[in-house]
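Q: This is model.csv, which holds CSV, C-alpha atoms:
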```csv
chain,number,residue,atom,x,y,z
A,1,MET,CA,77.7,106.8,136.2
A,2,ASP,CA,74.5,108.8,136.5
A,3,ASP,CA,76.2,111.7,138.2
A,4,ALA,CA,78.5,112.3,135.2
A,5,ARG,CA,75.6,112.8,132.7
A,6,VAL,CA,75.0,116.1,131.0
A,7,SER,CA,71.6,117.4,132.1
A,8,SER,CA,71.2,120.4,129.9
A,9,ILE,CA,72.9,122.7,127.4
A,10,VAL,CA,73.1,126.5,127.3
A,11,THR,CA,74.5,128.3,124.2
A,12,PHE,CA,75.8,131.7,125.3
A,13,LEU,CA,75.9,134.6,122.9
A,14,TYR,CA,77.5,137.9,123.7
A,15,PHE,CA,75.9,141.3,123.0
A,16,HIS,CA,76.8,145.0,123.1
A,17,ASP,CA,73.0,145.7,123.5
A,18,LEU,CA,71.7,143.2,126.0
A,19,ALA,CA,68.4,145.0,126.3
A,20,GLY,CA,67.8,144.5,122.5
A,21,ALA,CA,68.7,140.8,122.9
A,22,ARG,CA,66.3,140.4,125.8
A,23,ALA,CA,63.5,142.0,123.7
A,24,PHE,CA,64.3,139.7,120.8
A,25,PHE,CA,64.3,136.5,122.9
A,26,GLU,CA,61.2,137.4,124.9
A,27,ASN,CA,59.0,139.4,122.5
A,28,THR,CA,60.1,138.2,119.0
A,29,LEU,CA,60.8,134.5,119.8
A,30,ASN,CA,58.5,134.4,122.8
A,31,LEU,CA,60.9,132.4,124.9
A,32,GLU,CA,60.5,131.9,128.6
A,33,LEU,CA,63.2,133.6,130.8
A,34,ALA,CA,64.6,130.8,133.0
A,35,TYR,CA,67.3,132.8,134.8
A,36,ASP,CA,68.4,136.4,135.1
A,37,THR,CA,71.5,137.9,136.7
A,38,GLY,CA,71.0,141.4,135.3
A,39,TRP,CA,74.2,141.2,133.1
A,40,ALA,CA,73.0,137.9,131.5
A,41,GLY,CA,69.7,136.1,130.9
A,42,ILE,CA,69.0,132.4,130.0
A,43,TRP,CA,65.9,131.5,128.0
A,44,LYS,CA,64.4,128.1,127.7
A,45,VAL,CA,64.0,126.6,124.2
A,46,GLY,CA,63.4,123.0,125.1
A,47,PRO,CA,63.2,120.5,128.0
A,48,ALA,CA,67.0,120.8,128.6
A,49,ALA,CA,68.1,123.4,126.1
A,50,TYR,CA,68.7,127.1,126.6
A,51,ILE,CA,70.0,130.2,124.9
A,52,GLY,CA,72.0,132.6,127.1
A,53,ALA,CA,72.6,136.3,126.3
A,54,VAL,CA,75.5,138.0,128.1
A,55,ASP,CA,76.4,141.7,128.3
A,56,ILE,CA,79.7,141.7,126.4
A,57,CYS,CA,81.3,143.8,129.2
A,58,SER,CA,80.8,140.8,131.5
A,59,ALA,CA,82.0,138.2,129.1
A,60,SER,CA,84.0,135.3,130.6
A,61,VAL,CA,85.6,134.5,127.2
A,62,ASP,CA,87.5,136.6,124.6
A,63,THR,CA,84.7,138.0,122.3
A,64,ARG,CA,87.0,139.9,119.9
A,65,ALA,CA,87.2,136.9,117.5
A,66,LYS,CA,83.7,135.6,116.8
A,67,GLY,CA,83.4,132.2,115.2
A,68,ARG,CA,80.5,131.3,113.0
A,69,VAL,CA,77.5,130.3,115.1
A,70,LEU,CA,74.1,129.1,113.9
A,71,ILE,CA,71.3,128.7,116.4
A,72,SER,CA,68.8,126.2,115.0
A,73,LEU,CA,65.4,126.1,116.7
A,74,THR,CA,63.4,122.9,115.9
A,75,VAL,CA,59.7,123.4,115.7
A,76,GLU,CA,56.6,121.3,114.8
A,77,ASP,CA,55.4,123.7,112.1
A,78,VAL,CA,58.0,125.8,110.3
A,79,SER,CA,55.2,127.7,108.4
A,80,VAL,CA,53.7,129.1,111.6
A,81,TRP,CA,57.1,130.4,112.8
A,82,HIS,CA,57.9,131.9,109.4
A,83,LYS,CA,54.7,133.9,109.5
A,84,ARG,CA,55.2,135.0,113.1
A,85,LEU,CA,58.8,136.2,112.4
A,86,LYS,CA,57.8,138.0,109.2
A,87,ASN,CA,55.0,139.8,111.1
A,88,ALA,CA,57.6,140.8,113.7
A,89,GLN,CA,59.7,142.3,110.8
A,90,VAL,CA,62.8,140.1,111.7
A,91,GLU,CA,65.8,141.0,109.5
A,92,ASP,CA,67.0,139.0,106.5
A,93,ILE,CA,64.4,136.3,106.7
A,94,THR,CA,64.6,133.8,103.9
A,95,LYS,CA,61.9,131.8,102.2
A,96,ILE,CA,61.1,128.3,103.6
A,97,ARG,CA,63.2,125.8,101.8
A,98,CYS,CA,63.0,122.0,101.7
A,99,SER,CA,66.2,120.0,101.8
A,100,ALA,CA,65.6,116.5,100.5
A,101,ASP,CA,69.0,115.2,101.7
A,102,SER,CA,68.5,116.3,105.3
A,103,GLY,CA,64.7,115.8,105.4
A,104,VAL,CA,64.3,119.3,106.8
A,105,ARG,CA,62.1,122.3,106.0
A,106,SER,CA,63.7,125.5,107.3
A,107,PHE,CA,64.4,129.2,106.9
A,108,PHE,CA,67.1,131.5,108.2
A,109,PHE,CA,67.2,135.0,109.6
A,110,LYS,CA,69.5,137.5,111.4
A,111,GLY,CA,69.0,138.0,115.1
A,112,PRO,CA,70.5,140.8,117.3
A,113,GLU,CA,74.0,141.9,116.4
A,114,GLY,CA,74.1,139.7,113.3
A,115,TYR,CA,73.8,136.2,114.9
A,116,ASP,CA,72.5,133.6,112.4
A,117,PHE,CA,69.3,131.7,113.3
A,118,GLU,CA,67.5,128.9,111.6
A,119,VAL,CA,64.0,127.6,112.3
A,120,GLN,CA,63.7,124.0,111.2
A,121,GLU,CA,61.1,121.2,111.0
A,122,PHE,CA,62.1,117.6,110.5
A,123,MET,CA,59.8,116.0,107.9
A,124,ASP,CA,60.3,112.3,108.8
A,125,PRO,CA,57.8,111.6,111.7
A,126,GLU,CA,60.3,109.3,113.5
A,127,VAL,CA,63.0,111.9,113.4
A,128,LYS,CA,60.6,114.7,114.3
A,129,LYS,CA,59.7,112.8,117.5
A,130,ARG,CA,63.3,112.8,118.7
A,131,PHE,CA,63.5,116.6,118.4
A,132,CYS,CA,59.9,117.8,119.1
A,133,HIS,CA,58.4,117.2,122.5
A,134,SER,CA,54.8,118.6,122.2
A,135,LYS,CA,54.7,122.3,121.3
A,136,LEU,CA,57.6,123.6,123.4
A,137,LEU,CA,58.5,126.4,121.1
A,138,SER,CA,55.0,127.8,120.4
```
Output the file's structure as structure tokens, nothing else.

A:
Amino acid sequence: MDDARVSSIVTFLYFHDLAGARAFFENTLNLELAYDTGWAGIWKVGPAAYIGAVDICSASVDTRAKGRVLISLTVEDVSVWHKRLKNAQVEDITKIRCSADSGVRSFFFKGPEGYDFEVQEFMDPEVKKRFCHSKLLS
């Protein structure tokens, strides 16, 4: 059933300040804008993965009750990203930590309007191959 496969994923976040979110995704994270409606934008983060930002006034879901969301961006070298985001003066950036049980080096930070982000690097080369396809997020 090839026509029933999922071909990509978009995680939509809702913002009061869409212009601020756009600047964050394009200038701070340096993501490529894949689609723009004016009231929403979608940025490419991988071969079939995207982050969408929507003006809260145009939301198609009830945004009054926010659930906890963590956007994890998998990269080849977490140290490069840590330096880049520190230089961009991103809010609440943590130190890089290694988690032996998950085999991940990562750090966390706050994005626009308090959304939680993580930048992670898988340490096991075989696992890293599953999640990193060349340098898509550089």

Q: Between A:Val119, A:Ala23, A:Ala49, A:Phe107, single out the one closest to Ser8 in chain A, counting only C-alpha atoms.

A: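 Ranked by minimum distance to Ser8 in chain A, first place goes to A:Ala49.
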
Q: Neighbours of Gly114 in chain A within 12 Å (all atoms listed in the file; same-chain residues fewer than 5 positions away dropped), as a count of residues only?

A: 16

Q: How many Å separate CA of Lys83 in chain A from CA of Thr28 in chain A?

A: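 Going from CA of Lys83 in chain A over to CA of Thr28 in chain A covers 11.7 Å.
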
Q: Show which residues sit within 10 Å of Ser99 in chain A, as a PyMOL selection string. Count only C-alpha atoms, and ignore same-chain residues fewer than 5 positions away.

A: chain A and resi 104-106+122-123

Q: Store the residues of this selection in a file with C-alpha atoms, as an mmCIF file, in the coordinates of the input.

A:
```cif
data_model
loop_
_atom_site.group_PDB
_atom_site.id
_atom_site.type_symbol
_atom_site.label_atom_id
_atom_site.label_comp_id
_atom_site.auth_asym_id
_atom_site.auth_seq_id
_atom_site.Cartn_x
_atom_site.Cartn_y
_atom_site.Cartn_z
ATOM 1 C CA VAL A 104 64.300 119.300 106.800
ATOM 2 C CA ARG A 105 62.100 122.300 106.000
ATOM 3 C CA SER A 106 63.700 125.500 107.300
ATOM 4 C CA PHE A 122 62.100 117.600 110.500
ATOM 5 C CA MET A 123 59.800 116.000 107.900
#
```

Q: How many Å separate CA of Gly46 in chain A from CA of Ala34 in chain A?

A: 11.2 Å

Q: How far is it from CA of Phe25 in chain A to CA of Trp43 in chain A, in Å with one decimal?

A: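 Here the two named atoms are 7.3 Å from each other.
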
Q: With all atoms listed in the file as the atoms that count, which of A:Pro112, A:Arg84, A:Cys57, A:Cys132 lies nearest to Leu29 in chain A?

A: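 Answer, going by the shortest atom-to-atom distance: A:Arg84.
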
Q: With all atoms listed in the file as the atoms that count, which of A:Gly52, A:Phe24, A:Gly103, A:Lys128 lies nearest to Leu85 in chain A?

A: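 Ranking A:Gly52, A:Phe24, A:Gly103, A:Lys128 by distance to Leu85 in chain A, first place goes to A:Phe24.
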
Q: Hey, which of A:Val75, A:Ile93, A:Ala88, A:Ala59 ends up closest to Asn27 in chain A? Count only C-alpha atoms.

A: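 Nearest to Asn27 in chain A: A:Ala88.
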